[in-house]
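The next block is start.txt, given as compact mmCIF, C-alpha atoms.
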```txt
# COMPACT_ATOMS: atom_id res chain seq x y z
CA MET A 221 -23.90 -28.25 237.43
CA ARG A 222 -25.35 -29.91 234.32
CA GLY A 223 -23.19 -32.08 232.06
CA ILE A 224 -22.62 -30.55 228.62
CA THR A 225 -23.98 -32.07 225.44
CA PRO A 226 -20.96 -33.64 223.71
CA SER A 227 -19.95 -32.77 220.17
CA GLN A 228 -20.24 -35.11 217.17
CA THR A 229 -18.94 -34.75 213.64
CA VAL A 230 -20.88 -32.81 211.00
CA GLY A 231 -20.39 -35.83 208.72
CA PRO A 232 -20.25 -35.71 204.91
CA PHE A 233 -23.75 -34.36 204.35
CA LEU A 234 -23.51 -31.12 206.32
CA LYS A 235 -24.52 -28.96 203.36
CA ILE A 236 -28.12 -30.24 203.53
CA GLY A 237 -28.59 -28.39 206.78
CA LEU A 238 -25.93 -25.73 206.83
CA GLU A 239 -24.98 -24.42 203.40
CA ARG A 240 -26.20 -20.86 202.82
CA ASP A 241 -24.17 -19.11 200.16
CA GLU A 242 -25.33 -15.64 201.25
CA LEU A 243 -23.48 -16.11 204.55
CA GLN A 244 -20.18 -15.84 202.66
CA TYR A 245 -20.93 -12.14 202.19
CA LEU A 246 -20.76 -10.08 205.38
CA VAL A 247 -20.76 -7.00 203.15
CA ARG A 248 -21.39 -6.50 199.44
CA GLU A 249 -18.44 -6.93 197.14
CA ASP A 250 -18.64 -3.25 196.14
CA ALA A 251 -18.93 -1.94 199.71
CA ASP A 252 -16.38 0.56 200.99
CA GLY A 253 -13.37 -1.23 202.40
CA ALA A 254 -14.53 -4.69 201.30
CA ILE A 255 -11.91 -7.41 201.42
CA LYS A 256 -12.02 -11.00 200.29
CA ILE A 257 -10.54 -13.81 202.36
CA LEU A 258 -9.91 -16.88 200.29
CA GLY A 259 -8.46 -20.16 201.43
CA HIS A 260 -8.37 -23.93 201.30
CA VAL A 261 -8.63 -26.63 203.93
CA TYR A 262 -6.06 -29.45 203.69
CA ASP A 263 -5.71 -32.75 205.56
CA GLY A 264 -2.57 -34.41 206.94
CA GLU A 265 -1.54 -35.61 203.47
CA GLY A 266 -2.02 -32.17 201.94
CA LYS A 267 -5.22 -33.25 200.21
CA PRO A 268 -8.10 -30.77 199.97
CA VAL A 269 -11.01 -31.30 202.36
CA PRO A 270 -14.22 -30.94 200.31
CA ASP A 271 -16.59 -31.48 203.23
CA ALA A 272 -15.50 -28.79 205.67
CA MET A 273 -17.28 -25.69 206.86
CA ILE A 274 -15.58 -22.52 208.07
CA GLU A 275 -17.39 -20.01 210.27
CA ILE A 276 -16.04 -16.59 211.20
CA TRP A 277 -17.01 -14.16 213.93
CA GLN A 278 -15.67 -10.63 213.95
CA ALA A 279 -16.09 -7.08 215.17
CA ASN A 280 -17.03 -4.28 212.78
CA ILE A 281 -14.60 -1.62 211.50
CA HIS A 282 -14.93 0.22 214.83
CA GLY A 283 -13.88 -2.84 216.81
CA LYS A 284 -17.43 -3.34 218.11
CA TYR A 285 -19.22 -6.69 218.24
CA ALA A 286 -22.93 -6.89 217.40
CA HIS A 287 -23.60 -8.51 220.76
CA PRO A 288 -25.08 -7.28 224.08
CA ASP A 289 -22.04 -8.41 226.09
CA ASP A 290 -19.81 -5.93 224.24
CA SER A 291 -20.16 -2.83 226.39
CA SER A 292 -17.29 -0.97 224.69
CA GLU A 293 -17.87 2.45 223.19
CA GLY A 294 -17.63 1.73 219.44
CA ALA A 295 -20.73 2.11 217.28
CA ILE A 296 -22.85 -0.78 216.05
CA ILE A 297 -23.21 -0.76 212.25
CA GLU A 298 -26.74 -1.58 211.12
CA GLY A 299 -26.76 -4.63 208.86
CA PHE A 300 -23.33 -5.91 209.84
CA SER A 301 -23.79 -9.10 211.88
CA GLY A 302 -20.12 -10.08 212.06
CA PHE A 303 -20.95 -13.71 211.25
CA GLY A 304 -19.95 -15.63 208.15
CA ARG A 305 -20.11 -19.24 207.00
CA SER A 306 -18.55 -20.92 203.98
CA CYS A 307 -18.71 -24.61 203.05
CA THR A 308 -15.67 -25.85 201.12
CA ASP A 309 -16.02 -26.94 197.48
CA LYS A 310 -14.45 -29.99 195.82
CA ASP A 311 -11.04 -28.27 195.93
CA GLY A 312 -11.37 -27.54 199.64
CA LYS A 313 -11.89 -23.85 198.86
CA PHE A 314 -13.82 -21.37 201.00
CA PHE A 315 -14.14 -17.59 200.88
CA PHE A 316 -15.63 -14.59 202.64
CA VAL A 317 -16.29 -11.03 201.56
CA THR A 318 -16.07 -8.80 204.60
CA VAL A 319 -14.25 -5.82 206.10
CA LYS A 320 -11.16 -5.79 208.25
CA PRO A 321 -12.35 -5.45 211.85
CA GLY A 322 -11.16 -2.69 214.13
CA ARG A 323 -9.08 -3.44 217.19
CA VAL A 324 -10.84 -5.01 220.16
CA SER A 325 -9.66 -4.79 223.74
CA GLY A 326 -7.81 -7.80 225.09
CA ARG A 327 -7.33 -8.99 228.64
CA GLY A 328 -6.06 -6.46 231.11
CA ASN A 329 -4.76 -3.26 229.67
CA THR A 330 -4.15 -4.58 226.15
CA LEU A 331 -5.50 -4.06 222.68
CA GLN A 332 -5.80 -6.96 220.25
CA ALA A 333 -4.79 -6.70 216.61
CA PRO A 334 -7.59 -6.94 214.00
CA HIS A 335 -8.64 -10.56 213.88
CA LEU A 336 -11.47 -12.96 213.08
CA ALA A 337 -12.41 -15.83 215.38
CA VAL A 338 -12.72 -19.01 213.31
CA ASN A 339 -14.48 -22.35 213.79
CA VAL A 340 -13.47 -25.25 211.53
CA PHE A 341 -15.86 -28.18 211.07
CA ALA A 342 -15.50 -31.24 208.82
CA ARG A 343 -16.30 -34.87 208.35
CA GLY A 344 -13.62 -36.66 210.34
CA MET A 345 -13.58 -33.96 213.00
CA LEU A 346 -15.48 -35.13 216.07
CA LYS A 347 -15.37 -31.62 217.48
CA HIS A 348 -14.68 -28.40 215.63
CA GLN A 349 -11.30 -26.70 215.94
CA VAL A 350 -10.82 -23.04 216.77
CA THR A 351 -8.30 -20.73 215.17
CA ARG A 352 -7.94 -17.02 214.34
CA ILE A 353 -7.27 -15.02 211.20
CA TYR A 354 -4.92 -12.05 211.61
CA PHE A 355 -3.64 -9.87 208.75
CA GLU A 356 0.02 -9.82 207.69
CA ASP A 357 -0.04 -6.11 206.82
CA GLU A 358 -1.08 -5.09 210.36
CA ILE A 359 2.55 -5.16 211.42
CA GLU A 360 2.34 -2.71 214.29
CA SER A 361 -0.87 -3.95 215.88
CA ASN A 362 0.19 -7.57 215.39
CA SER A 363 3.38 -6.85 217.32
CA GLU A 364 1.21 -5.70 220.25
CA ASP A 365 -1.25 -8.60 220.22
CA PRO A 366 -0.89 -10.77 223.34
CA ILE A 367 -2.31 -13.92 221.75
CA LEU A 368 -0.23 -13.70 218.59
CA ASN A 369 2.83 -12.93 220.70
CA SER A 370 2.21 -15.98 222.87
CA ILE A 371 3.07 -18.13 219.83
CA VAL A 372 6.84 -17.83 219.78
CA GLU A 373 7.71 -20.20 216.97
CA LYS A 374 7.69 -18.07 213.83
CA ALA A 375 6.38 -20.73 211.43
CA ALA A 376 3.47 -21.49 213.77
CA ARG A 377 2.68 -17.78 214.24
CA ASN A 378 2.68 -17.37 210.47
CA THR A 379 -0.14 -19.88 210.09
CA LEU A 380 -2.43 -17.29 211.72
CA LEU A 381 -1.62 -14.50 209.26
CA ALA A 382 -3.74 -13.93 206.16
CA LYS A 383 -1.44 -12.93 203.29
CA ILE A 384 -2.19 -10.23 200.71
CA SER A 385 -2.48 -12.21 197.51
CA GLN A 386 -3.81 -10.06 194.69
CA SER A 387 -6.09 -7.21 193.83
CA GLU A 388 -9.37 -8.22 192.32
CA LYS A 389 -12.14 -5.76 191.40
CA ASN A 390 -10.50 -3.20 193.71
CA ASN A 391 -10.97 -5.55 196.66
CA PHE A 392 -8.05 -6.56 198.74
CA VAL A 393 -7.74 -10.30 198.55
CA TYR A 394 -6.13 -12.14 201.44
CA SER A 395 -5.29 -15.81 201.37
CA PHE A 396 -5.58 -18.00 204.44
CA ASP A 397 -5.16 -21.76 204.17
CA ILE A 398 -6.03 -24.12 206.99
CA ARG A 399 -3.87 -27.23 207.41
CA LEU A 400 -5.49 -29.64 209.81
CA GLN A 401 -2.39 -31.74 210.43
CA GLY A 402 1.30 -32.16 209.69
CA GLU A 403 3.64 -29.77 207.90
CA GLY A 404 2.50 -26.19 208.25
CA GLU A 405 -0.24 -27.27 210.65
CA THR A 406 -2.46 -24.33 211.58
CA VAL A 407 -2.30 -23.21 215.19
CA PHE A 408 -5.52 -24.24 216.91
CA PHE A 409 -6.72 -22.84 220.19
CA GLU A 410 -8.32 -24.45 223.18
CA VAL A 411 -11.01 -22.01 224.24
CA MET B 295 -14.37 -1.84 229.27
CA ALA B 296 -16.59 -3.50 231.81
CA ASP B 297 -15.88 -6.70 233.69
CA PHE B 298 -17.11 -9.84 232.02
CA GLU B 299 -17.76 -13.43 232.93
CA GLU B 300 -15.70 -16.12 231.25
CA TYR B 301 -17.13 -19.46 230.19
CA MET B 302 -16.37 -22.58 232.21
CA ARG B 303 -13.90 -25.11 230.87
CA ASP B 304 -14.34 -28.15 233.13
CA GLY B 305 -17.20 -29.66 231.14
CA GLN B 306 -15.13 -29.73 227.95
CA VAL B 307 -13.63 -33.09 228.91
CA ASP B 308 -16.90 -34.71 227.84
CA HIS B 309 -16.27 -33.96 224.16
CA PRO B 310 -14.66 -36.64 222.00
CA PRO B 311 -10.92 -36.36 221.30
CA ALA B 312 -9.73 -35.06 217.91
CA LEU B 313 -8.07 -38.40 217.10
CA TYR B 314 -10.18 -41.53 217.57
CA GLU B 315 -8.67 -44.21 215.36
CA ASP B 316 -11.76 -46.41 215.20
CA TYR B 317 -13.36 -43.54 213.27
CA LYS B 318 -10.89 -43.66 210.40
CA SER B 319 -11.46 -40.20 208.95
CA THR B 320 -10.05 -38.64 212.13
CA VAL B 321 -6.58 -40.04 211.36
CA LEU B 322 -5.66 -37.38 208.79
CA ARG B 323 -7.96 -34.65 210.06
CA SER B 324 -6.84 -34.31 213.67
CA PRO B 325 -4.12 -31.81 214.60
CA SER B 326 -0.87 -33.40 215.76
CA ARG B 327 0.08 -30.43 217.93
CA LYS B 328 -1.54 -29.61 221.21
CA ALA B 329 -4.08 -26.79 221.04
CA VAL B 330 -2.87 -23.51 222.54
CA ARG B 331 -4.91 -22.46 225.54
CA LEU B 332 -6.55 -19.11 224.85
CA GLU B 333 -7.83 -17.08 227.79
CA HIS B 334 -11.20 -15.64 226.86
CA THR B 335 -11.45 -12.12 225.51
CA LEU B 336 -14.39 -10.16 224.16
CA SER B 337 -13.99 -12.15 220.93
CA GLU B 338 -14.81 -15.44 222.67
CA ILE B 339 -17.56 -14.31 225.05
CA THR B 340 -19.57 -12.67 222.28
CA GLY B 341 -20.97 -14.59 219.32
CA PRO B 342 -23.24 -14.53 216.29
CA ILE B 343 -26.70 -14.21 217.77
CA TYR B 344 -28.07 -12.11 214.93
CA GLY B 345 -26.17 -13.89 212.16
CA HIS B 346 -29.06 -15.57 210.39
CA GLY B 347 -31.91 -14.36 208.25
CA PRO B 348 -35.57 -14.64 209.24
CA ILE B 349 -36.95 -18.16 209.76
CA LEU B 350 -39.77 -18.87 207.35
CA GLU B 351 -43.01 -20.64 208.13
CA GLY B 352 -42.64 -24.39 207.77
CA GLU B 353 -38.89 -24.54 208.36
CA ASP B 354 -39.65 -26.48 211.54
CA ASP B 355 -41.52 -29.19 209.61
CA LEU B 356 -39.45 -31.61 207.52
CA SER B 357 -42.33 -34.05 207.05
CA ILE B 358 -44.08 -32.07 204.31
CA VAL B 359 -42.64 -30.75 201.05
CA GLU B 360 -44.93 -28.49 199.01
CA GLY B 361 -48.00 -29.96 200.69
CA GLU B 362 -46.98 -33.59 200.06
CA GLU B 363 -46.20 -35.90 202.97
CA ALA B 364 -42.89 -37.71 203.31
CA GLN B 365 -42.73 -41.50 203.72
CA GLY B 366 -41.99 -42.98 207.13
CA GLN B 367 -42.79 -42.63 210.81
CA ARG B 368 -43.84 -39.05 211.61
CA ILE B 369 -42.26 -37.79 214.83
CA PHE B 370 -41.88 -34.66 216.95
CA VAL B 371 -38.49 -33.81 218.37
CA SER B 372 -38.69 -31.17 221.06
CA GLY B 373 -36.94 -30.00 224.19
CA GLN B 374 -35.10 -27.17 225.80
CA VAL B 375 -31.69 -25.56 225.38
CA LEU B 376 -30.03 -24.87 228.73
CA ASP B 377 -26.56 -23.93 229.89
CA GLU B 378 -24.41 -25.69 232.48
CA ASN B 379 -25.92 -23.49 235.19
CA GLY B 380 -29.42 -24.65 234.23
CA LYS B 381 -30.30 -21.30 232.67
CA ALA B 382 -32.47 -21.39 229.56
CA VAL B 383 -30.90 -20.24 226.27
CA PRO B 384 -33.62 -18.23 224.46
CA ASN B 385 -33.65 -16.94 220.88
CA THR B 386 -30.88 -19.16 219.61
CA LEU B 387 -30.81 -20.71 216.14
CA ILE B 388 -31.06 -24.50 215.78
CA GLU B 389 -30.36 -26.09 212.39
CA ILE B 390 -30.91 -29.78 211.69
CA TRP B 391 -30.31 -32.24 208.87
CA GLN B 392 -30.91 -35.94 208.46
CA CYS B 393 -31.45 -38.84 206.06
CA ASN B 394 -34.91 -40.10 205.10
CA ALA B 395 -36.82 -43.06 206.56
CA ALA B 396 -34.91 -45.47 204.31
CA GLY B 397 -31.50 -44.20 205.44
CA ARG B 398 -30.69 -42.10 202.36
CA TYR B 399 -29.49 -38.48 202.36
CA ARG B 400 -30.52 -36.11 199.60
CA HIS B 401 -26.89 -35.47 198.70
CA GLU B 402 -24.77 -36.34 195.65
CA VAL B 403 -22.14 -38.05 197.83
CA ASP B 404 -24.65 -40.53 199.31
CA GLN B 405 -24.53 -43.65 197.11
CA HIS B 406 -26.42 -45.96 199.49
CA PRO B 407 -28.87 -47.83 197.20
CA ALA B 408 -31.92 -46.97 199.29
CA PRO B 409 -34.77 -44.97 197.74
CA LEU B 410 -34.88 -41.20 197.77
CA ASP B 411 -38.21 -39.73 198.82
CA PRO B 412 -39.42 -36.91 196.55
CA ASN B 413 -41.25 -35.43 199.55
CA PHE B 414 -38.28 -35.34 201.87
CA VAL B 415 -35.36 -32.90 201.75
CA GLY B 416 -34.01 -33.31 205.27
CA GLY B 417 -33.04 -29.83 206.49
CA GLY B 418 -34.83 -27.56 208.98
CA ARG B 419 -34.39 -24.55 211.27
CA VAL B 420 -36.01 -23.06 214.34
CA VAL B 421 -35.18 -20.40 216.91
CA THR B 422 -35.71 -21.24 220.59
CA ASP B 423 -38.47 -19.33 222.36
CA ASP B 424 -38.17 -17.23 225.52
CA ARG B 425 -37.78 -20.34 227.66
CA GLY B 426 -35.20 -21.96 225.39
CA SER B 427 -37.73 -24.44 224.00
CA TYR B 428 -37.80 -25.77 220.44
CA LYS B 429 -39.86 -28.24 218.43
CA PHE B 430 -39.45 -29.95 215.04
CA THR B 431 -41.81 -32.20 213.13
CA THR B 432 -39.98 -34.72 210.97
CA ILE B 433 -39.67 -38.37 209.92
CA LYS B 434 -37.73 -40.91 211.95
CA PRO B 435 -34.45 -41.32 210.06
CA GLY B 436 -33.26 -44.80 209.07
CA ALA B 437 -29.95 -46.45 209.86
CA TYR B 438 -27.50 -46.58 206.95
CA PRO B 439 -24.27 -48.32 205.98
CA TRP B 440 -20.97 -46.44 205.65
CA GLY B 441 -17.46 -47.35 204.61
CA ASN B 442 -15.60 -47.01 207.89
CA HIS B 443 -15.13 -50.78 208.41
CA HIS B 444 -16.71 -54.07 207.34
CA ASN B 445 -20.49 -54.05 207.86
CA ALA B 446 -20.47 -50.60 209.44
CA TRP B 447 -23.91 -49.01 210.04
CA ARG B 448 -24.68 -45.67 211.64
CA PRO B 449 -27.39 -45.74 214.30
CA ALA B 450 -30.37 -43.55 213.34
CA HIS B 451 -29.56 -39.93 214.16
CA ILE B 452 -30.42 -36.30 213.48
CA HIS B 453 -27.62 -33.72 213.14
CA PHE B 454 -28.11 -30.61 215.30
CA SER B 455 -26.27 -27.29 215.06
CA LEU B 456 -26.62 -24.70 217.85
CA PHE B 457 -25.03 -21.32 218.55
CA GLY B 458 -25.85 -20.24 222.10
CA PRO B 459 -24.88 -16.76 223.30
CA ALA B 460 -21.12 -16.79 222.60
CA PHE B 461 -18.44 -17.90 220.17
CA VAL B 462 -17.39 -20.58 222.68
CA THR B 463 -20.91 -22.02 223.07
CA ARG B 464 -21.04 -23.20 219.43
CA LEU B 465 -22.05 -26.86 219.22
CA ILE B 466 -22.69 -29.33 216.42
CA THR B 467 -23.77 -32.78 217.49
CA GLN B 468 -26.02 -35.74 216.69
CA MET B 469 -29.16 -36.87 218.50
CA TYR B 470 -29.87 -40.59 218.69
CA PHE B 471 -32.97 -42.67 219.45
CA PRO B 472 -33.47 -44.81 222.56
CA GLY B 473 -32.62 -48.48 222.49
CA ASP B 474 -30.75 -48.48 219.18
CA PRO B 475 -29.03 -51.88 218.75
CA LEU B 476 -26.21 -50.26 216.75
CA PHE B 477 -24.77 -48.19 219.63
CA PRO B 478 -22.09 -50.73 220.66
CA PHE B 479 -20.73 -50.86 217.11
CA ASP B 480 -20.65 -47.17 216.20
CA PRO B 481 -17.23 -45.49 216.57
CA ILE B 482 -18.70 -41.97 216.30
CA TYR B 483 -21.05 -42.51 219.23
CA ASN B 484 -18.34 -44.36 221.20
CA SER B 485 -15.73 -41.65 220.59
CA ILE B 486 -17.19 -39.84 223.60
CA PRO B 487 -14.99 -41.10 226.43
CA ASN B 488 -17.48 -40.94 229.29
CA GLU B 489 -20.46 -43.31 229.12
CA LYS B 490 -22.76 -40.93 230.99
CA ALA B 491 -21.87 -38.15 228.55
CA ARG B 492 -22.51 -40.49 225.62
CA GLU B 493 -25.98 -41.28 226.92
CA ARG B 494 -26.79 -37.57 226.92
CA LEU B 495 -27.01 -37.83 223.12
CA VAL B 496 -29.89 -40.30 223.30
CA SER B 497 -33.38 -38.83 223.16
CA SER B 498 -36.25 -40.29 225.18
CA PHE B 499 -39.68 -41.34 224.02
CA ASP B 500 -42.48 -39.28 225.56
CA LEU B 501 -46.07 -40.53 225.55
CA GLU B 502 -47.39 -37.33 227.11
CA THR B 503 -46.55 -35.21 224.06
CA THR B 504 -47.21 -37.99 221.54
CA GLU B 505 -50.19 -36.90 219.43
CA PRO B 506 -52.93 -39.54 219.04
CA ASP B 507 -53.34 -40.79 215.47
CA PHE B 508 -50.60 -38.43 214.28
CA ALA B 509 -47.00 -38.56 215.56
CA LEU B 510 -44.67 -40.10 218.16
CA SER B 511 -42.80 -37.65 220.36
CA PHE B 512 -39.14 -37.71 221.35
CA LYS B 513 -37.65 -35.33 223.90
CA PHE B 514 -34.11 -34.02 223.77
CA ASP B 515 -32.55 -31.25 225.85
CA PHE B 516 -29.22 -29.56 225.11
CA VAL B 517 -26.71 -28.27 227.63
CA LEU B 518 -24.36 -25.61 226.27
CA ARG B 519 -21.40 -24.10 228.09
CA GLY B 520 -22.25 -21.74 230.93
CA LYS B 521 -20.52 -18.74 232.42
CA ASN B 522 -18.33 -18.87 235.47
CA SER B 523 -20.09 -17.33 238.42
CA THR B 524 -17.02 -15.30 239.38
CA PRO B 525 -16.35 -12.60 236.78
CA PHE B 526 -12.90 -12.04 235.37
CA GLU B 527 -11.91 -8.50 236.30
CA GLN B 528 -10.34 -6.40 233.62
CA GLU B 529 -7.45 -4.35 234.91
CA LYS B 530 -8.23 -0.66 234.93
CA LYS B 531 -6.90 1.18 231.94
CA SER B 532 -4.24 3.71 232.85
```

Could you render the structure from this file as structure tokens?
Amino acid sequence: MRGITPSQTVGPFLKIGLERDELQYLVREDADGAIKILGHVYDGEGKPVPDAMIEIWQANIHGKYAHPDDSSEGAIIEGFSGFGRSCTDKDGKFFFVTVKPGRVSGRGNTLQAPHLAVNVFARGMLKHQVTRIYFEDEIESNSEDPILNSIVEKAARNTLLAKISQSEKNNFVYSFDIRLQGEGETVFFEV
Amino acid sequence: MADFEEYMRDGQVDHPPALYEDYKSTVLRSPSRKAVRLEHTLSEITGPIYGHGPILEGEDDLSIVEGEEAQGQRIFVSGQVLDENGKAVPNTLIEIWQCNAAGRYRHEVDQHPAPLDPNFVGGGRVVTDDRGSYKFTTIKPGAYPWGNHHNAWRPAHIHFSLFGPAFVTRLITQMYFPGDPLFPFDPIYNSIPNEKARERLVSSFDLETTEPDFALSFKFDFVLRGKNSTPFEQEKKS
């Protein structure tokens, strides 16, 4: 067995290598079913983190991942990669324009609620943190999701739910803030 | 759905902890609660392998901007991306960024009073070939001061971002150069608990692939997470 290459922080200058504004758009703003996910990253004192990067990975509307290891029956959608990246601005803000994914099978005989897998990188983070974005209006499927249900404390579970915030240009806008530490700390996963 | 293989977890102990007080910025940016263990699902064992646009010619060469050569020591950085099982990771995106030969990043936040180089931007991309190999041409980055503590200097390094085949193989790290006298004083390098693991971030000089009268060559291989050999069996759907 080979030893893994250890992680190191992205540092303050990550945008030189990683910022690509087009990766904030998984679909066009005027696409059918487009939603916007908008949020901020905050540190342990509630201050915005202006040098963070959020990456998302999701299935398409049929619950199918654009990946050879997904052997489920749903259809691939040409042009939808399922990957997004957004670097935070001076206010710690990030956003994505995408679609709500379909449900993906979970472990055993379960079905997961619509969700996005999320990686959080920043200066001051020696290794990225992993979280998930679920949707507050998916009440029924959320109640059946084994991972969401494994978080029993309500306040902690709530940190994983994107909230409907407003309607903008006929897009649904969800808000999802990430708190790295302290009050309202986002639930992070060890994967 | 079919059976799938989960990714191994044992090697994860070689990553640095979230909180490492000598690196001061971790103090307010590390979660205070323990991460919740998540058993892998389809969402973790798949990942963005087609998530980037086409790589353009020249993105692998940071040493030339619009035909003009950057200042400094020209180098090659090349190697192979493997997984823990020793299997090559082909067709995976690698993104890099770095400061110039004088230790200055082309970034508004970098106030280090070292010269900017008009012929150096400092970002590049490649995709590994069928055998997981990659190669960049660049300039050896300088060391630079930072505000972490009195007289703090970062050892020369290049930032590397890799995806691998799954969400859980994502890796961002830094590659260092052999024999750097700043290693003992750098909290970011020393945040990795295991000395052997730390040394895996140090490239090696290679005379064989050094090009006469042109560029020095440094070799650096990556090891990403690998799959467990015993597949996790999905229960049959009723």

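With distances taken over all atoms listed in the file, B:His453 is the one residue among B:Arg323, B:Lys513, B:Arg419, B:His453 lying closest to Pro435 (chain B).
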
- Quick one: which residues from chain A are at most 8 Å off chain B, using all atoms listed in the file, as a PyMOL selection string? chain A and resi 221-230+232-234+236-238+263-265+277-279+285-292+301-304+324-329+337+343-347+367+400-402+405+407-411

- Distance of CA of Thr422 (chain B) from CA of Val371 (chain B), expressed in Å to one decimal place: 13.1 Å

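Coordinates place CA of Ile398 (chain A) at a distance of 10.3 Å from CA of Gly266 (chain A).
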
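Those residues that approach region 497-504 of chain B to within 7 Å, counting only C-alpha atoms, are Met469, Tyr470, Phe471, Pro472, Ala509, Leu510, Ser511, Phe512, Lys513 and Phe514 of chain B; same-chain residues fewer than 4 positions away are not listed.
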